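*Asks:* First the structure, which I've put down as structure tokens, then a few questions once you've had a look.
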Amino acid sequence: MITTDICIIGAGPVGLFAVFEAGLLKMRCHLIDVLPQVGGQLSEIYPHKPIYDIPGYPTIRAQELIENQMKQIEPFKPTFTLGERVDGLEKQEDGSYIVISSEGTKIYCQVVVIAGGLGCFEPRKPEIVNLAKYERKGIDYMVKNPESYRDKKIVIAGGGDSALDWTIYLTDIAKEITLIHRSDSFRGAPDSADKVYELAQKGRINLLLSHNLADVHGAENLSHVIATNKLKEEVKMEADYFIPLFGLTPKLGPIAEWGLNIDKNAIEVNTMDYSTNVERIYAIGDINTYAGKLKLILCGYHEAALMAQSAFKYVYPDQKLSFKYTTVNGINTF
Ligand SMILES: Cc1cc2nc3c(=O)[nH]c(=O)nc-3n(C[C@H](O)[C@H](O)[C@H](O)COP(=O)(O)OP(=O)(O)OC[C@H]3O[C@@H](n4cnc5c(N)ncnc54)[C@H](O)[C@@H]3O)c2cc1C
């Protein structure tokens, strides 16, 4: 079992900043996120977009902001569980909690901070009858460990940034890659699209534009992906893995069953400290709601600071909290 002071559900910008604010008060954090990487919406939806309303940065790329935040929290040695969804919560007799993930990972903590953004991102799946039969048997909706595709035959589907970026990345790893897209142009970054066209021209990938997914076949495991062209002619591709990358849709998921006051998919909080109606559980960032709420990164940062000041009493019940500026106290690593 992992033991920590604060378990933060969601490693988006607000969850990451909560590590910093908690660290200043000598509280250790463990973060858990269903996505295989940190950064929340910024890394998953718009990594290359410039953001203009982060104080002190006239402009900063979303992924760069996340990288800076990771650097900023390094002194506080946060630990991470990535690629696992938080499902369960068990209250202990002394008021502490055990947070339980979809894979059975258990995190013992004094305080739970929900920084779950829009909720759990769940993959949009193509409408193929046999799809569910091969999930985890050759069909993956996210790339968690690129090495698992080494020397394999891969079929990727999609036309956004994820499909383009992973096609480019996996070209050097996989034995054979086919990218299928239903349109004849890509939605993803033009630079990435150009690289994909170049790889196709050099014969390093197979590119099937204007093709629709039709079916998947196999025995115990997936063995073939079938697509059709505009003339409804079938193309059958051998595939060890099929990775449809059609984006993610957010869902609040099991957190909705924890007895928290919820209003339209968001958790109601007290704006004094962003606590919920359940003791020792806080909600910060896009996941919470209150009068005047703005879903902005900088508002989430503010909420993280107030949450940490309030959570201190549960982690150090015998100590008095004294407020200090970082300019006075500096950053004291653990
Ligand atoms: C295209 C776009 C542009 C934007 N531009 C701006 C901008 O210019 N300025 C600005 O301030 N804001 C902008 N935003 C909004 C900003 O991205 C959000 O306010 C911010 O991401 C909220 O951060 P967060 O940490 O609360 O949540 P998120 O970034 O959503 O991160 C939450 C994380 O929690 C995880 N999670 C949720 N539930 C679970 C669970 N049960 N188990 C495990 N993990 C879970 C999710 O996987 C996710 O990684 C933009 C948003 C979009 C989509």
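Just so we're on the same page: first chain in the structure tokens is A, next is B, and so on; residues restart at 1 for each chain, and ligands are numbered from 1 in the order they show up.
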Mind checking which residues fall within 10 Å of A:Glu303, counting only C-alpha atoms, ignoring those fewer than 3 positions away in the same chain, and posting them as a CSV table (one decimal) with all heavy atoms, in the first residue's frame?
*Replies:*
```
chain,number,residue,atom,x,y,z
A,14,VAL,N,-3.9,21.9,-12.0
A,14,VAL,CA,-4.3,22.2,-10.7
A,14,VAL,C,-3.9,21.2,-9.6
A,14,VAL,O,-3.4,21.5,-8.6
A,14,VAL,CB,-5.9,22.4,-10.7
A,14,VAL,CG1,-6.3,22.7,-9.3
A,14,VAL,CG2,-6.3,23.5,-11.6
A,17,PHE,N,-0.2,21.8,-9.1
A,17,PHE,CA,0.1,23.0,-8.3
A,17,PHE,C,-0.3,22.7,-6.8
A,17,PHE,O,0.4,23.3,-5.9
A,17,PHE,CB,-0.6,24.2,-8.8
A,17,PHE,CG,-0.1,25.5,-8.1
A,17,PHE,CD1,1.3,25.9,-8.3
A,17,PHE,CD2,-0.8,26.3,-7.3
A,17,PHE,CE1,1.8,27.0,-7.7
A,17,PHE,CE2,-0.3,27.4,-6.7
A,17,PHE,CZ,1.0,27.8,-6.9
A,18,ALA,N,-1.2,21.8,-6.6
A,18,ALA,CA,-1.6,21.5,-5.2
A,18,ALA,C,-0.4,20.8,-4.5
A,18,ALA,O,-0.2,21.0,-3.3
A,18,ALA,CB,-2.8,20.6,-5.2
A,271,THR,N,-16.3,27.9,-0.5
A,271,THR,CA,-15.2,28.7,-1.1
A,271,THR,C,-14.2,29.3,0.0
A,271,THR,O,-13.2,29.9,-0.4
A,271,THR,CB,-15.8,29.9,-1.9
A,271,THR,OG1,-16.7,30.6,-1.1
A,271,THR,CG2,-16.4,29.5,-3.2
A,272,MET,N,-14.5,29.0,1.2
A,272,MET,CA,-13.5,29.4,2.3
A,272,MET,C,-12.2,28.6,2.1
A,272,MET,O,-11.1,29.1,2.3
A,272,MET,CB,-14.1,29.1,3.6
A,272,MET,CG,-13.6,30.1,4.7
A,272,MET,SD,-14.5,29.8,6.2
A,272,MET,CE,-13.5,28.5,6.8
A,273,ASP,N,-12.4,27.3,1.8
A,273,ASP,CA,-11.2,26.4,1.7
A,273,ASP,C,-11.3,25.3,0.6
A,273,ASP,O,-10.5,24.4,0.5
A,273,ASP,CB,-10.9,25.7,3.1
A,273,ASP,CG,-12.1,24.9,3.6
A,273,ASP,OD1,-13.1,24.9,2.9
A,273,ASP,OD2,-12.0,24.4,4.7
A,274,TYR,N,-12.4,25.4,-0.2
A,274,TYR,CA,-12.7,24.4,-1.2
A,274,TYR,C,-12.9,23.0,-0.7
A,274,TYR,O,-12.6,22.0,-1.4
A,274,TYR,CB,-11.6,24.5,-2.4
A,274,TYR,CG,-11.7,25.9,-2.9
A,274,TYR,CD1,-10.8,26.9,-2.4
A,274,TYR,CD2,-12.7,26.3,-3.7
A,274,TYR,CE1,-11.0,28.2,-2.7
A,274,TYR,CE2,-12.9,27.6,-4.1
A,274,TYR,CZ,-12.0,28.6,-3.6
A,274,TYR,OH,-12.2,29.9,-4.0
A,275,SER,N,-13.4,22.9,0.5
A,275,SER,CA,-13.8,21.6,1.1
A,275,SER,C,-15.1,21.2,0.6
A,275,SER,O,-15.9,22.1,0.2
A,275,SER,CB,-13.8,21.7,2.6
A,275,SER,OG,-14.7,22.7,3.0
A,282,TYR,N,-11.5,17.4,-0.4
A,282,TYR,CA,-11.6,18.8,-1.1
A,282,TYR,C,-11.8,18.6,-2.6
A,282,TYR,O,-11.4,17.5,-3.1
A,282,TYR,CB,-10.3,19.5,-0.8
A,282,TYR,CG,-10.0,19.8,0.6
A,282,TYR,CD1,-9.6,18.9,1.5
A,282,TYR,CD2,-10.3,21.1,1.1
A,282,TYR,CE1,-9.3,19.2,2.9
A,282,TYR,CE2,-10.1,21.5,2.4
A,282,TYR,CZ,-9.6,20.5,3.3
A,282,TYR,OH,-9.4,20.8,4.6
A,283,ALA,N,-12.3,19.6,-3.2
A,283,ALA,CA,-12.4,19.5,-4.7
A,283,ALA,C,-11.9,20.9,-5.3
A,283,ALA,O,-12.4,21.9,-4.9
A,283,ALA,CB,-13.8,19.2,-5.1
A,284,ILE,N,-10.9,20.8,-6.2
A,284,ILE,CA,-10.3,22.0,-6.7
A,284,ILE,C,-10.2,21.9,-8.3
A,284,ILE,O,-10.2,20.8,-8.8
A,284,ILE,CB,-8.9,22.3,-6.1
A,284,ILE,CG1,-8.0,21.1,-6.3
A,284,ILE,CG2,-9.0,22.6,-4.6
A,284,ILE,CD1,-6.5,21.3,-5.9
A,285,GLY,N,-10.1,23.1,-8.9
A,285,GLY,CA,-10.0,23.1,-10.4
A,285,GLY,C,-11.4,22.9,-11.0
A,285,GLY,O,-12.4,23.1,-10.4
A,288,ASN,N,-14.9,21.5,-9.6
A,288,ASN,CA,-15.8,22.0,-8.5
A,288,ASN,C,-16.7,23.1,-9.1
A,288,ASN,O,-16.6,23.5,-10.2
A,288,ASN,CB,-15.0,22.5,-7.3
A,288,ASN,CG,-14.3,23.8,-7.6
A,288,ASN,OD1,-14.6,24.5,-8.5
A,288,ASN,ND2,-13.3,24.1,-6.7
A,297,ILE,N,-7.3,28.0,-15.4
A,297,ILE,CA,-6.2,27.4,-14.6
A,297,ILE,C,-5.8,28.3,-13.4
A,297,ILE,O,-5.6,27.8,-12.3
A,297,ILE,CB,-5.0,27.3,-15.6
A,297,ILE,CG1,-5.3,26.4,-16.8
A,297,ILE,CG2,-3.7,26.8,-14.9
A,297,ILE,CD1,-4.4,26.5,-18.0
A,298,LEU,N,-5.8,29.6,-13.6
A,298,LEU,CA,-5.3,30.4,-12.5
A,298,LEU,C,-6.3,30.4,-11.3
A,298,LEU,O,-5.9,30.5,-10.2
A,298,LEU,CB,-5.1,31.9,-13.0
A,298,LEU,CG,-6.2,32.8,-13.3
A,298,LEU,CD1,-6.6,33.6,-12.1
A,298,LEU,CD2,-5.8,33.8,-14.4
A,299,CYS,N,-7.6,30.2,-11.6
A,299,CYS,CA,-8.6,30.0,-10.5
A,299,CYS,C,-8.3,28.7,-9.7
A,299,CYS,O,-8.3,28.7,-8.5
A,299,CYS,CB,-10.0,30.0,-11.0
A,299,CYS,SG,-10.4,31.6,-11.8
A,300,GLY,N,-7.9,27.7,-10.4
A,300,GLY,CA,-7.6,26.4,-9.8
A,300,GLY,C,-6.4,26.5,-8.9
A,300,GLY,O,-6.3,25.9,-7.8
A,306,LEU,N,-5.6,27.6,-1.0
A,306,LEU,CA,-6.5,27.7,0.1
A,306,LEU,C,-6.8,26.3,0.7
A,306,LEU,O,-6.8,26.1,1.9
A,306,LEU,CB,-7.8,28.4,-0.2
A,306,LEU,CG,-7.7,29.9,0.1
A,306,LEU,CD1,-6.7,30.6,-0.8
A,306,LEU,CD2,-9.1,30.5,-0.1
A,307,MET,N,-6.9,25.3,-0.2
A,307,MET,CA,-7.1,23.9,0.2
A,307,MET,C,-5.9,23.5,1.1
A,307,MET,O,-6.2,22.9,2.2
A,307,MET,CB,-7.2,23.1,-1.0
A,307,MET,CG,-7.2,21.6,-0.8
A,307,MET,SD,-5.6,20.8,-0.4
A,307,MET,CE,-4.7,21.1,-1.9
A,308,ALA,N,-4.7,23.8,0.7
A,308,ALA,CA,-3.5,23.3,1.4
A,308,ALA,C,-3.5,23.8,2.9
A,308,ALA,O,-3.3,23.1,3.8
A,308,ALA,CB,-2.2,23.6,0.7
```
*Asks:* Show me which residues sit within 7 Å of ligand 1 when counting only C-alpha atoms and all ligand atoms, and put them as a PyMOL selection string.
*Replies:* chain A and resi 9-15+32-35+38-42+45-46+51-54+84-87+115-121+252-255+284-287+295-298+300
*Asks:* For the residues in the current selection, export N, CA and C atoms as a short mmCIF file (atom, residue, chain, number, x, y, z; two decimals), in the first residue's frame.
*Replies:*
```cif
data_model
loop_
_atom_site.label_atom_id
_atom_site.label_comp_id
_atom_site.auth_asym_id
_atom_site.auth_seq_id
_atom_site.Cartn_x
_atom_site.Cartn_y
_atom_site.Cartn_z
N ILE A 9 -6.40 13.26 -6.73
CA ILE A 9 -6.99 12.55 -7.87
C ILE A 9 -7.00 13.51 -9.05
N GLY A 10 -6.14 13.25 -10.02
CA GLY A 10 -6.04 14.12 -11.19
C GLY A 10 -4.70 14.85 -11.20
N ALA A 11 -3.90 14.60 -12.24
CA ALA A 11 -2.58 15.23 -12.35
C ALA A 11 -2.58 16.30 -13.43
N GLY A 12 -3.67 17.06 -13.50
CA GLY A 12 -3.72 18.22 -14.40
C GLY A 12 -2.97 19.38 -13.76
N PRO A 13 -3.04 20.58 -14.37
CA PRO A 13 -2.28 21.71 -13.83
C PRO A 13 -2.64 22.04 -12.39
N VAL A 14 -3.89 21.85 -12.03
CA VAL A 14 -4.34 22.23 -10.67
C VAL A 14 -3.87 21.19 -9.64
N GLY A 15 -3.98 19.91 -10.00
CA GLY A 15 -3.47 18.85 -9.11
C GLY A 15 -1.97 19.02 -8.90
N ILE A 32 -2.78 10.45 -8.67
CA ILE A 32 -3.24 9.33 -9.49
C ILE A 32 -4.06 9.87 -10.65
N ASP A 33 -3.77 9.36 -11.85
CA ASP A 33 -4.51 9.85 -13.03
C ASP A 33 -4.78 8.68 -13.97
N VAL A 34 -5.94 8.70 -14.55
CA VAL A 34 -6.32 7.62 -15.48
C VAL A 34 -5.53 7.71 -16.79
N LEU A 35 -5.04 8.90 -17.10
CA LEU A 35 -4.27 9.06 -18.33
C LEU A 35 -2.84 8.56 -18.12
N VAL A 38 1.03 12.99 -17.18
CA VAL A 38 0.51 14.10 -16.38
C VAL A 38 0.09 15.24 -17.32
N GLY A 39 -0.62 16.23 -16.77
CA GLY A 39 -0.92 17.43 -17.57
C GLY A 39 -2.39 17.67 -17.86
N GLY A 40 -3.24 16.68 -17.57
CA GLY A 40 -4.68 16.86 -17.77
C GLY A 40 -5.03 17.32 -19.16
N GLN A 41 -5.99 18.25 -19.24
CA GLN A 41 -6.47 18.72 -20.55
C GLN A 41 -5.34 19.32 -21.39
N LEU A 42 -4.37 19.96 -20.70
CA LEU A 42 -3.31 20.67 -21.44
C LEU A 42 -2.47 19.71 -22.27
N ILE A 45 -5.37 17.45 -24.64
CA ILE A 45 -6.22 18.08 -25.66
C ILE A 45 -5.49 19.15 -26.47
N TYR A 46 -4.68 19.99 -25.78
CA TYR A 46 -4.09 21.10 -26.55
C TYR A 46 -2.62 21.38 -26.18
N ILE A 51 -1.05 29.58 -24.33
CA ILE A 51 -1.99 30.11 -23.32
C ILE A 51 -1.51 31.53 -23.01
N TYR A 52 -2.45 32.45 -22.85
CA TYR A 52 -2.07 33.86 -22.68
C TYR A 52 -2.43 34.42 -21.31
N ASP A 53 -3.13 33.62 -20.47
CA ASP A 53 -3.59 34.20 -19.20
C ASP A 53 -3.02 33.49 -17.98
N ILE A 54 -1.74 33.10 -18.08
CA ILE A 54 -1.03 32.61 -16.90
C ILE A 54 -0.17 33.77 -16.39
N GLU A 84 -4.32 4.69 -14.27
CA GLU A 84 -5.30 3.98 -13.43
C GLU A 84 -6.38 4.96 -12.98
N ARG A 85 -7.61 4.50 -13.04
CA ARG A 85 -8.74 5.35 -12.64
C ARG A 85 -9.05 5.14 -11.16
N VAL A 86 -9.37 6.23 -10.46
CA VAL A 86 -9.80 6.06 -9.07
C VAL A 86 -11.24 5.58 -9.07
N ASP A 87 -11.46 4.47 -8.39
CA ASP A 87 -12.80 3.89 -8.34
C ASP A 87 -13.39 3.94 -6.94
N ALA A 115 -8.98 16.65 -7.95
CA ALA A 115 -8.62 17.68 -8.94
C ALA A 115 -8.88 17.05 -10.32
N GLY A 116 -10.05 16.47 -10.45
CA GLY A 116 -10.37 15.60 -11.60
C GLY A 116 -10.84 16.32 -12.85
N GLY A 117 -10.77 17.66 -12.87
CA GLY A 117 -11.09 18.40 -14.08
C GLY A 117 -12.51 18.13 -14.57
N LEU A 118 -12.62 17.72 -15.80
CA LEU A 118 -13.93 17.46 -16.38
C LEU A 118 -14.40 16.05 -16.04
N GLY A 119 -13.56 15.32 -15.30
CA GLY A 119 -13.88 13.94 -14.94
C GLY A 119 -12.91 13.02 -15.64
N CYS A 120 -13.22 11.75 -15.58
CA CYS A 120 -12.36 10.74 -16.18
C CYS A 120 -12.50 10.80 -17.69
N PHE A 121 -11.38 10.95 -18.38
CA PHE A 121 -11.46 10.91 -19.84
C PHE A 121 -11.64 9.46 -20.29
N LEU A 252 -17.76 11.85 -14.93
CA LEU A 252 -17.42 11.96 -13.51
C LEU A 252 -17.10 10.59 -12.92
N GLY A 253 -17.75 9.55 -13.42
CA GLY A 253 -17.44 8.18 -13.02
C GLY A 253 -17.79 7.88 -11.56
N PRO A 254 -17.06 6.93 -10.95
CA PRO A 254 -17.41 6.44 -9.62
C PRO A 254 -17.40 7.50 -8.53
N ILE A 255 -16.68 8.61 -8.73
CA ILE A 255 -16.63 9.68 -7.71
C ILE A 255 -18.05 10.18 -7.40
N ILE A 284 -10.88 20.80 -6.16
CA ILE A 284 -10.29 22.02 -6.73
C ILE A 284 -10.20 21.93 -8.25
N GLY A 285 -10.14 23.09 -8.90
CA GLY A 285 -10.02 23.12 -10.36
C GLY A 285 -11.37 22.93 -11.03
N ASP A 286 -11.33 22.51 -12.28
CA ASP A 286 -12.55 22.43 -13.11
C ASP A 286 -13.65 21.55 -12.54
N ILE A 287 -13.29 20.65 -11.62
CA ILE A 287 -14.28 19.68 -11.13
C ILE A 287 -15.25 20.28 -10.11
N LYS A 295 -13.89 28.36 -14.98
CA LYS A 295 -13.02 27.21 -15.26
C LYS A 295 -11.74 27.70 -15.92
N LEU A 296 -10.88 28.29 -15.10
CA LEU A 296 -9.59 28.80 -15.58
C LEU A 296 -8.48 28.20 -14.73
N ILE A 297 -7.32 28.03 -15.36
CA ILE A 297 -6.19 27.43 -14.65
C ILE A 297 -5.83 28.27 -13.43
N LEU A 298 -5.78 29.60 -13.60
CA LEU A 298 -5.34 30.44 -12.49
C LEU A 298 -6.32 30.40 -11.32
N GLY A 300 -7.95 27.70 -10.45
CA GLY A 300 -7.62 26.41 -9.81
C GLY A 300 -6.37 26.53 -8.93
#
```
*Asks:* Compare A:His48, A:Lys264, A:Asn130, A:Glu238 by their minimum atom-to-atom distance to A:Glu64, counting only C-alpha atoms, and give me the closest one.
*Replies:*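 Looking at the shortest contact to A:Glu64, the residue is A:His48.
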*Asks:* Would you please extract all strand (DSSP E or B) residues from stretch 121-156 of chain A, as assigned by DSSP on the backbone, and give them as a short mmCIF file (atom, residue, chain, number, x, y, z; two decimals) with C-alpha atoms, in the first residue's frame?
*Replies:*
```
data_model
loop_
_atom_site.label_atom_id
_atom_site.label_comp_id
_atom_site.auth_asym_id
_atom_site.auth_seq_id
_atom_site.Cartn_x
_atom_site.Cartn_y
_atom_site.Cartn_z
CA PHE A 121 -11.46 10.91 -19.84
CA GLU A 122 -12.90 7.85 -21.52
CA PRO A 123 -12.01 6.92 -25.09
CA GLU A 135 -10.21 -5.06 -26.00
CA ILE A 139 -7.15 -3.28 -29.18
CA LYS A 153 2.18 -4.82 -36.84
CA ILE A 154 0.12 -1.81 -35.80
CA VAL A 155 -2.99 -0.23 -37.29
CA ILE A 156 -3.80 3.26 -35.98
#
```
*Asks:* Going by DSSP on the backbone, which bits of stretch 113-303 of chain A are alpha helix (DSSP H)? Write them as a PyMOL selection string, please.
*Replies:* chain A and resi 161-171+190-201+297-303
*Asks:* So which one's closest to A:Met27, A:Phe80, A:Phe323, A:Phe312, A:Tyr301? Using only C-alpha atoms, please.
*Replies:*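 The answer is A:Phe312, which sits nearest to A:Met27.
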*Asks:* Compile the contact shell of A:Val225 as a JSON list (two decimals) with N, CA, C and O atoms, in the first residue's frame: residues with an atom at most 6 Å away, counting only C-alpha atoms, same-chain residues fewer than 3 positions apart removed.
*Replies:*
```json
[["chain", "number", "residue", "atom", "x", "y", "z"],
["A", 216, "VAL", "N", -13.19, -5.89, -37.17],
["A", 216, "VAL", "CA", -11.95, -6.46, -36.64],
["A", 216, "VAL", "C", -12.16, -7.97, -36.53],
["A", 216, "VAL", "O", -13.26, -8.42, -36.21],
["A", 236, "LYS", "N", -8.03, -5.57, -46.18],
["A", 236, "LYS", "CA", -7.84, -6.36, -44.96],
["A", 236, "LYS", "C", -6.38, -6.26, -44.55],
["A", 236, "LYS", "O", -5.48, -6.56, -45.34],
["A", 237, "MET", "N", -6.16, -5.78, -43.31],
["A", 237, "MET", "CA", -4.78, -5.59, -42.85],
["A", 237, "MET", "C", -4.46, -6.50, -41.69],
["A", 237, "MET", "O", -5.23, -6.60, -40.75]]
```
*Asks:* As a short mmCIF file (atom, residue, chain, number, x, y, z; two decimals) with all heavy atoms, in the first residue's frame, please: the residues near stretch 193-199 of chain A (cut-off 10 Å, only C-alpha atoms, same-chain neighbours under 4 positions excluded).
*Replies:*
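Written file, result.cif:
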```cif
data_model
loop_
_atom_site.label_atom_id
_atom_site.label_comp_id
_atom_site.auth_asym_id
_atom_site.auth_seq_id
_atom_site.Cartn_x
_atom_site.Cartn_y
_atom_site.Cartn_z
N GLY A 159 -7.63 11.09 -37.08
CA GLY A 159 -7.04 12.17 -37.87
C GLY A 159 -6.61 13.36 -37.03
O GLY A 159 -6.24 14.42 -37.55
N GLY A 160 -6.62 13.21 -35.70
CA GLY A 160 -6.23 14.32 -34.81
C GLY A 160 -4.77 14.21 -34.40
O GLY A 160 -4.02 13.38 -34.93
N ASP A 161 -4.39 15.05 -33.43
CA ASP A 161 -2.98 15.10 -33.00
C ASP A 161 -2.48 13.76 -32.46
O ASP A 161 -1.35 13.36 -32.76
CB ASP A 161 -2.79 16.19 -31.94
CG ASP A 161 -2.76 17.56 -32.58
OD1 ASP A 161 -2.08 17.71 -33.61
OD2 ASP A 161 -3.42 18.48 -32.06
N ALA A 163 -3.42 10.66 -33.11
CA ALA A 163 -3.19 9.66 -34.17
C ALA A 163 -1.90 10.00 -34.95
O ALA A 163 -1.08 9.12 -35.23
CB ALA A 163 -4.39 9.61 -35.10
N LEU A 164 -1.73 11.29 -35.27
CA LEU A 164 -0.54 11.69 -36.03
C LEU A 164 0.73 11.50 -35.20
O LEU A 164 1.71 10.90 -35.67
CB LEU A 164 -0.66 13.15 -36.46
CG LEU A 164 -1.78 13.48 -37.45
CD1 LEU A 164 -1.90 15.00 -37.65
CD2 LEU A 164 -1.53 12.81 -38.80
N ASP A 165 0.69 12.02 -33.96
CA ASP A 165 1.90 11.98 -33.11
C ASP A 165 2.34 10.54 -32.84
O ASP A 165 3.52 10.22 -32.91
CB ASP A 165 1.66 12.70 -31.78
CG ASP A 165 1.51 14.20 -31.98
OD1 ASP A 165 1.81 14.67 -33.08
OD2 ASP A 165 1.09 14.90 -31.03
N THR A 167 1.61 7.86 -34.65
CA THR A 167 2.07 7.23 -35.90
C THR A 167 3.55 7.57 -36.12
O THR A 167 4.37 6.69 -36.40
CB THR A 167 1.23 7.72 -37.09
OG1 THR A 167 -0.13 7.35 -36.86
CG2 THR A 167 1.70 7.12 -38.40
N ILE A 168 3.87 8.85 -35.94
CA ILE A 168 5.27 9.29 -36.15
C ILE A 168 6.18 8.58 -35.14
O ILE A 168 7.21 8.01 -35.48
CB ILE A 168 5.37 10.82 -36.02
CG1 ILE A 168 4.56 11.49 -37.13
CG2 ILE A 168 6.82 11.28 -36.03
CD1 ILE A 168 4.26 12.97 -36.90
N THR A 171 6.72 4.75 -35.61
CA THR A 171 7.33 4.30 -36.87
C THR A 171 8.68 3.63 -36.63
O THR A 171 9.01 2.63 -37.26
CB THR A 171 7.49 5.50 -37.84
OG1 THR A 171 6.19 5.99 -38.14
CG2 THR A 171 8.17 5.09 -39.15
N LEU A 179 -1.85 3.84 -41.00
CA LEU A 179 -2.73 4.87 -40.43
C LEU A 179 -3.97 4.99 -41.32
O LEU A 179 -3.85 5.21 -42.53
CB LEU A 179 -2.00 6.22 -40.36
CG LEU A 179 -2.87 7.40 -39.89
CD1 LEU A 179 -3.39 7.19 -38.47
CD2 LEU A 179 -2.08 8.72 -39.96
N SER A 185 -8.07 14.72 -45.35
CA SER A 185 -7.12 15.65 -44.72
C SER A 185 -7.20 15.45 -43.21
O SER A 185 -8.17 14.89 -42.70
CB SER A 185 -7.48 17.09 -45.09
OG SER A 185 -8.78 17.38 -44.61
N PHE A 186 -6.15 15.95 -42.51
CA PHE A 186 -6.07 15.72 -41.06
C PHE A 186 -6.52 16.94 -40.26
O PHE A 186 -6.34 18.07 -40.69
CB PHE A 186 -4.64 15.37 -40.67
CG PHE A 186 -4.19 14.03 -41.18
CD1 PHE A 186 -3.28 13.94 -42.23
CD2 PHE A 186 -4.69 12.87 -40.62
CE1 PHE A 186 -2.87 12.71 -42.70
CE2 PHE A 186 -4.29 11.63 -41.08
CZ PHE A 186 -3.38 11.55 -42.13
N ARG A 187 -7.06 16.69 -39.04
CA ARG A 187 -7.41 17.78 -38.13
C ARG A 187 -6.20 18.22 -37.29
O ARG A 187 -6.18 19.30 -36.75
CB ARG A 187 -8.47 17.29 -37.11
CG ARG A 187 -9.88 17.24 -37.60
CD ARG A 187 -10.83 16.97 -36.43
NE ARG A 187 -10.30 16.06 -35.41
CZ ARG A 187 -10.28 14.74 -35.51
NH1 ARG A 187 -10.75 14.16 -36.60
NH2 ARG A 187 -9.79 13.98 -34.54
N GLY A 188 -5.23 17.35 -37.16
CA GLY A 188 -4.09 17.60 -36.27
C GLY A 188 -3.17 18.69 -36.80
O GLY A 188 -3.39 19.25 -37.88
N ALA A 189 -2.10 18.98 -36.02
CA ALA A 189 -1.17 20.06 -36.38
C ALA A 189 -0.60 19.85 -37.78
O ALA A 189 -0.17 18.73 -38.11
CB ALA A 189 -0.05 20.10 -35.35
N GLY A 203 7.59 5.33 -47.92
CA GLY A 203 7.22 3.92 -47.78
C GLY A 203 7.42 3.38 -46.37
O GLY A 203 7.43 2.17 -46.15
N ARG A 204 7.57 4.28 -45.39
CA ARG A 204 7.83 3.80 -44.02
C ARG A 204 6.53 3.50 -43.29
O ARG A 204 6.52 2.79 -42.29
CB ARG A 204 8.67 4.83 -43.27
CG ARG A 204 10.03 5.01 -43.95
CD ARG A 204 11.06 5.59 -43.06
NE ARG A 204 11.19 4.87 -41.83
CZ ARG A 204 11.56 5.42 -40.68
NH1 ARG A 204 11.82 6.70 -40.64
NH2 ARG A 204 11.67 4.70 -39.59
N ILE A 205 5.41 4.09 -43.75
CA ILE A 205 4.10 3.73 -43.19
C ILE A 205 3.11 3.52 -44.35
O ILE A 205 3.34 4.01 -45.46
CB ILE A 205 3.54 4.82 -42.24
CG1 ILE A 205 3.28 6.12 -43.00
CG2 ILE A 205 4.45 5.08 -41.06
CD1 ILE A 205 2.43 7.11 -42.23
N ASN A 206 2.02 2.81 -44.05
CA ASN A 206 0.93 2.73 -45.04
C ASN A 206 -0.11 3.75 -44.63
O ASN A 206 -0.54 3.76 -43.48
CB ASN A 206 0.27 1.34 -45.00
CG ASN A 206 1.29 0.24 -45.15
OD1 ASN A 206 2.15 0.32 -46.02
ND2 ASN A 206 1.22 -0.76 -44.27
N LEU A 207 -0.51 4.59 -45.57
CA LEU A 207 -1.49 5.64 -45.24
C LEU A 207 -2.77 5.39 -46.04
O LEU A 207 -2.74 5.36 -47.27
CB LEU A 207 -0.90 7.01 -45.59
CG LEU A 207 -1.75 8.22 -45.29
CD1 LEU A 207 -2.13 8.28 -43.81
CD2 LEU A 207 -1.00 9.51 -45.69
#
```
*Asks:* Could you state the separation of atom CA of A:Cys29 and atom CA of A:Asp5 in Å, given to one decimal place?
*Replies:*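 We find that atom CA of A:Cys29 and atom CA of A:Asp5 lie 6.0 Å from each other.
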*Asks:* Go through A:Met1, A:Ile177, A:Val129, A:Leu294 one by one, measure the shortest atom-to-atom distance of each to A:Asp151 using only C-alpha atoms, and give the residue with the smallest value.
*Replies:* A:Ile177
*Asks:* Atom CA of A:Lys324 and atom CA of A:Gly95, how far apart in Å?
*Replies:*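 For atom CA of A:Gly95 relative to atom CA of A:Lys324, the distance reads 28.2 Å.
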*Asks:* Restricting the calculation to only C-alpha atoms, which member of A:Gly292, A:Ala227, A:Lys175, A:Asn277 is positioned closest to A:Glu147?
*Replies:*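 Under the stated criterion, the closest residue is A:Lys175.
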*Asks:* Rank nothing, just name the residue among A:Ala22, A:Ala311, A:Gln201, A:Cys7 nearest to A:Ser101, using only C-alpha atoms.
*Replies:*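 Of all the options, A:Cys7 lies closest to A:Ser101.
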*Asks:* Considering only C-alpha atoms, return as a compact mmCIF listing (two decimals) with N, CA, C and O atoms, in the first residue's frame whatever protein or nucleic-acid residues lie within 7 Å of A:Val112, sequence-local ones (same chain, fewer than 2 positions apart) excluded.
*Replies:*
```txt
# COMPACT_ATOMS: atom_id res chain seq x y z
N ILE A 6 -1.47 13.46 1.41
CA ILE A 6 -2.61 13.86 0.58
C ILE A 6 -2.62 13.03 -0.69
O ILE A 6 -1.60 12.95 -1.40
N CYS A 7 -3.76 12.43 -0.99
CA CYS A 7 -3.90 11.74 -2.28
C CYS A 7 -4.65 12.69 -3.21
O CYS A 7 -5.77 13.12 -2.91
N ILE A 8 -4.01 13.04 -4.32
CA ILE A 8 -4.62 13.97 -5.28
C ILE A 8 -5.12 13.17 -6.48
O ILE A 8 -4.34 12.49 -7.15
N ILE A 114 -9.75 16.07 -4.76
CA ILE A 114 -10.22 15.71 -6.10
C ILE A 114 -9.91 16.89 -7.03
O ILE A 114 -10.46 17.98 -6.87
N ARG A 280 -12.54 16.01 5.16
CA ARG A 280 -11.23 15.60 4.63
C ARG A 280 -11.23 15.38 3.12
O ARG A 280 -10.26 14.86 2.58
N ILE A 281 -12.33 15.70 2.46
CA ILE A 281 -12.31 15.62 0.99
C ILE A 281 -12.50 17.03 0.42
O ILE A 281 -13.46 17.73 0.75
N TYR A 282 -11.54 17.44 -0.42
CA TYR A 282 -11.57 18.75 -1.07
C TYR A 282 -11.76 18.55 -2.57
O TYR A 282 -11.44 17.49 -3.11
```
